[in-house]
Structures are given as structure tokens and as C-alpha cells.
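Colleague: Take this structure, written in C-alpha cells, and hold onto it; I'll ask about it next.
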Amino acid sequence: MTTHRAHCLILPYPSQGHINPMLQFSKRLQSKGVKITIATTKSFLKTMQELTTSVSIEAISDGYDDGGRDQAGSFVAYITRFKEVGSDTLAQLIKKLANSGCPVNCIVYDPFLPWAVEVAKDFGLVSAAFFTQNCAVDNIYYHVHKGVLKLPPTQDDEEILIPGFSCPIESSDVPSFVISPEAARILDMLVNQFSNLDKVDWVLINSFYELEKEVIDWMSKIYPIKTIGPTIPSMYLDNRLPDDKEYGLSVFKPMTNECLNWLNHQLISSVVYVSFGSLAKVEVEQMEELAWGLKNSNKNFLWVVRSTEESKLPKNFLEELKLVSENKGLVVSWCPQLQVLEHKSTGCFLTHCGWNSTLEAISLGVPMLTMPQWTDQPTNAKLVKDVWEMGVRAKQDEKGIVRREVIEECIKLVMEEEKGKMIKENAQKWKELARKAVDEGGSSDKNIEEFVSKLVTISS
Ligand code: UDP
């Protein structure tokens, strides 16, 4: 006998930054009595280091079971084949679940995979698009989709005004795929997220109302938007889910003990935590500037350098650090980021501004020093600096490199100067608002409740 109130099939795009928020959202739904099945690709499942989650996971195929996106060669080839093979294998999974007495009622899909709506329609299911970017970024892609925003901007465009965006933005603040001509086909895919959005029942966004009021109000007139974030484990926010410890699905193995032992020996708010997320490839020259900037700063640092990036560290860098002090810096291949951000020793997050990392820093009240690399990161950095006033942005030189002196200066600004105090106060304010949003009766909690109750009505 089934005891659940409805059954949602969750379809994330297979990458760390996309699966994390959808998994956390799934856990929230599950705590409200909704059965969850996550469908992800065989190739992605093979890369998982940690598979400790209470939700059930089923495999579908992207057509590249042995190597996923790397096997496909290009991103566009990958997405094209994924649509073909993914649609078939997703349909087979829905049939299998129905035959096992546990029919699906709703598909929650990543709009990078818009074909999921057609599969939902074929089976008469309701559907919800789950945007893993924030609403401001979605709004920019929407304007490109509508042809309202003429991009790429020309040299003469000093500022771009986007309805619903609370401040003017420059071309260096728009997502990189919008301004880089060689990324035209990736932009197509991003813009395509909106192609069948008029057919969905809900548009879920990993953000919270208080953070992006103006743009959410604007977009809500067009789409049935519900903000449901921040989607980080409950134990860091409202403590309502009992066994909610970590992100349960990880492509990399975190060096948890090393990081926490090291942080436990540092002074309160004294450490710069540095990470560029799961995908960014930092240029060798930039890596070198960053390394010496961190070493020259008078702060200790914890730096995540993924194993594929390690060879870019300057020669003798680790030895040189030890000459300064045993404690000066810890370089690890992956860390438990939420535990690091939450740690009392962490005082500043030098981040690439991936949306998950940014939202995690907001939710845990950690001031940011932003060094965006590509995709939506420049827009997130703009919001952090000028709208939420929760950090600074390190300025690049004309070659696009942030120099060591600039890094040193920015660290000082955030951690020691008067401006840093204002940033810290704002960080505390946003942390409180983020917690309230997911807490009982908060804006995101209400939205999730409403989503579940409509789902239950449809399913019964
Ligand atoms: N992360 C982590 N350990 C690390 C670095 C990152 O657990 O050492 C997590 C981080 O908490 C975030 C995700 O990986 O949830 C990265 O997502 P984000 O959107 O910030 O960046 P992306 O990897 O998509 O560029």
C-alpha cells in the first residue's frame, strides 16, 4: 500500500551544480509526504563518489553511457543526443514506475532539458521547470529569447537596462554566453529554456523572494513563478529535516577531516576560503597571480584546487607557503563547502560566483570576494557587489587577469577595512532573511506548501 501523497520524478541536468539544488528540493518535498524518484544518466551515476541519499535514484541514458559529455565531444552534440535518447529512456522509466504500482504524477525538470515537458504531456502528467540560476539571470536570458535585448552589446553601450533589474548593468555584467559570439550555440540552448515554458504548470526558482523582489514580481506576470530556495540542507537553515547532513551526491571526494581540523586551529573569521566550483578552468597565468596574491596577503587561506587544475599551481608554491608558516595555507582537491562556510574561522569567500556557491554564502552570511569566470557568474558578482552589497569584485586588467596586488587589496578591504564592516552587516541581514524564507510560514516555505497541496489535489 502506498502512503505517499504524490510522486514526483526529478530530472536534473547531470552536473554537480545542477543536481545539488534539485536533490535538496527533493528532500523538502519528501519531508512533506511526496515520493521522489531522481532520474539521472548512467554516465553521471558512474562518476558519483558519494551516494548517500534517502531519495531513490533511477538511471536513464543520455546516449553516452560510458563517458557522458566528455564522450560526446561538443556540448551541442551532447544536448542533441540527450534529447533523443533521454526522451525514450525517460518514457520507459515512467512506464516501469507505473507498472510497479507507483505511478508518477509530476515531472520536475531542469530547463536545460526542455524536451521533458513533451514527455510529461505524452503521459498526461503535470510539469514544473526548475531553474538552477537566479531570477535576474533568467530574466536576462528571457529578454534575449524575446529579442527585446539586442545582444551582444556594442562598445557604445555603456549600460544595459533590463526591466525588472534593479540597477543598470554593463556588458561585463551579463552572462558570458550572451556576449561571446563563439558561444552562440550554447546561448541558443540557454535561451531555449523558455521555448516551451508556456506549457508548464509551475516555474520553480532556486532563490527567495526577499532577495530578488523586483525581478520576481516582474517575471511573475509572465510565468507561474515560485521561489523555493535557498535549497541548502535544512540543518544549515531551519533544522527541520532530521537526517539532513550534507549534499548526498558528490562527483568529488571531500577532504573533510583535513579541512575541519585545519580550520579548528585558526582564529575566528580569519580565513579566506577559495573555490572556483566544479567546472571552471582557471588560466595558468591567473592561477599564478592568485597563488602569490594569497601568499602575500596577511591572511591564512583554504584553497580548493581540483586535481585536474593542480598542475597549474606555481612550482614550489606549497613549499614556499610552509616557509611562511605551517598554517599559512591548506590546498585541498575538494572540501565539504557548507561546513567550511559555516565554520567560525571562515571570514571571506573568494568565489567564482557559481549560483550555488553564491546562495550558500548568502545563506550562511559569509562576505564574498568575487572573481567570476564565465556563464552566469559575472551577473551574480554584479548582484553581490551592487545590489546585495555583500562583497567586492576583484578587477581584471586589460588581459582579463586579476593581478596579485588586486587580490591582496580586496582581501584587506573585506576583512579589515570600514567597507568590510558594512559588508559583514549586510551578510548577516541576508543570512537571517534566507533562513526566514525557508522557515515555517516563510516565502519559500509557503510556495513549497502550495506546490505540494496542488500536486496532491491533482494526484488524488
Ligand atoms: N562544492 C563543494 N566542495 C568544494 C567546492 C564546491 O561541495 O570544494 C559545492 C558547492 O557547495 C556548490 C557546488 O559544489 O554546491 C558548486 O556549484 P556552483 O553553482 O557554485 O558552481 P559550478 O560548480 O556549477 O560552477
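Residue names in the C-alpha cells use chain letters A, B, ... in the order shown, residue numbers from 1 in each chain, and ligand numbers from 1 in the order shown.
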Set the distance at 12 Å and use only C-alpha atoms: which residues neighbour Ile162 (chain A) once local chain neighbours fewer than 3 positions away are removed? I'd like the list as a list in words.

Modeller: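 Contacts, in chain order: Ala136, Val137, Asp138, Asn139, Ile140, Tyr141, Tyr142, His143, Val144, Val148, Leu149, Lys150, Glu159, Phe165, Ser166, Cys167, Pro168, Ile169, Glu170, Ser171, Val174, Glu214, Val215, Trp218 and Met219 of chain A.
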
Colleague: Using only C-alpha atoms and all ligand atoms, determine which residues fall within 9 Å of ligand 1, then list them as a PyMOL selection string.

Modeller: chain A and resi 15-21+132-133+232+246-247+250+252-255+274-280+303-306+332-341+351-360+374-375+377

Colleague: When DSSP works through the backbone of this structure, what residues of region 176-292 of chain A end up as alpha helix (DSSP H), shown as a PyMOL selection string?

Modeller: chain A and resi 176-179+184-191+213-220+256-264+284-292

Colleague: Write the residues of the selection above to a file with C-alpha atoms, as a compact mmCIF listing (two decimals), in the first residue's frame.

Modeller:
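Saved the output as result.txt:
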# COMPACT_ATOMS: atom_id res chain seq x y z
CA SER A 176 29.37 35.33 -20.78
CA PHE A 177 27.48 33.31 -23.39
CA VAL A 178 25.42 36.38 -24.21
CA ILE A 179 28.41 38.49 -25.20
CA ALA A 184 26.21 31.29 -29.87
CA ARG A 185 25.01 27.69 -29.80
CA ILE A 186 25.28 27.44 -26.04
CA LEU A 187 23.32 30.68 -25.82
CA ASP A 188 20.72 29.08 -28.08
CA MET A 189 20.33 26.32 -25.54
CA LEU A 190 20.06 28.75 -22.63
CA VAL A 191 17.51 30.83 -24.44
CA LYS A 213 11.65 41.09 -5.14
CA GLU A 214 11.58 43.43 -8.12
CA VAL A 215 12.60 40.95 -10.79
CA ILE A 216 10.44 38.17 -9.31
CA ASP A 217 7.38 40.45 -9.37
CA TRP A 218 8.16 41.33 -12.98
CA MET A 219 8.65 37.72 -14.15
CA SER A 220 5.61 36.51 -12.18
CA THR A 256 36.56 16.68 5.29
CA ASN A 257 38.84 15.81 8.20
CA GLU A 258 41.83 17.72 6.82
CA CYS A 259 39.73 20.85 6.25
CA LEU A 260 37.89 20.85 9.56
CA ASN A 261 40.99 20.01 11.63
CA TRP A 262 42.86 22.83 9.96
CA LEU A 263 40.00 25.32 10.39
CA ASN A 264 39.62 24.35 14.05
CA VAL A 284 47.62 29.27 -15.77
CA GLU A 285 48.57 32.94 -15.51
CA GLN A 286 45.52 33.64 -13.33
CA MET A 287 46.33 30.68 -11.13
CA GLU A 288 49.80 32.03 -10.58
CA GLU A 289 48.56 35.53 -9.68
CA LEU A 290 46.01 34.04 -7.32
CA ALA A 291 48.60 31.84 -5.62
CA TRP A 292 51.02 34.71 -4.95

Colleague: May I ask for the distance between CA of Met368 (chain A) and CA of Glu283 (chain A), given in Å to one decimal place?

Modeller: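 If I compute the distance from CA of Met368 (chain A) to CA of Glu283 (chain A), I get 21.2 Å.
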
Colleague: Find the residue from A:Val203, A:Lys322, A:Val452, A:Val271 that sits nearest to Ser26 (chain A); use only C-alpha atoms when measuring.

Modeller: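 Smallest distance to Ser26 (chain A) is found for A:Val452.
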
Colleague: Show me, as a PyMOL selection string, the residues that have an atom within 6 Å of Ser127 (chain A) when counting only C-alpha atoms, minus same-chain residues fewer than 3 positions from it.

Modeller: chain A and resi 106-108+200-201

Colleague: What does the distance from CA of Thr379 (chain A) to CA of Pro175 (chain A) come to in Å, to one decimal?

Modeller: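 Interatomic distance here is 6.0 Å.
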
Colleague: Find the spatial neighbours of Asn300 (chain A), counting only C-alpha atoms, within a cut-off of 10 Å - ignore same-chain residues fewer than 4 positions away - and output them as a PyMOL selection string.

Modeller: chain A and resi 263+266-267+270-273+294-296+325+327-330+346

Colleague: Taking into account only C-alpha atoms, which residue in the set A:Ala6, A:Ala437, A:Ala361, A:Ile411 is nearest to Thr37 (chain A)?

Modeller: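 Answer, going by the shortest atom-to-atom distance: A:Ala6.
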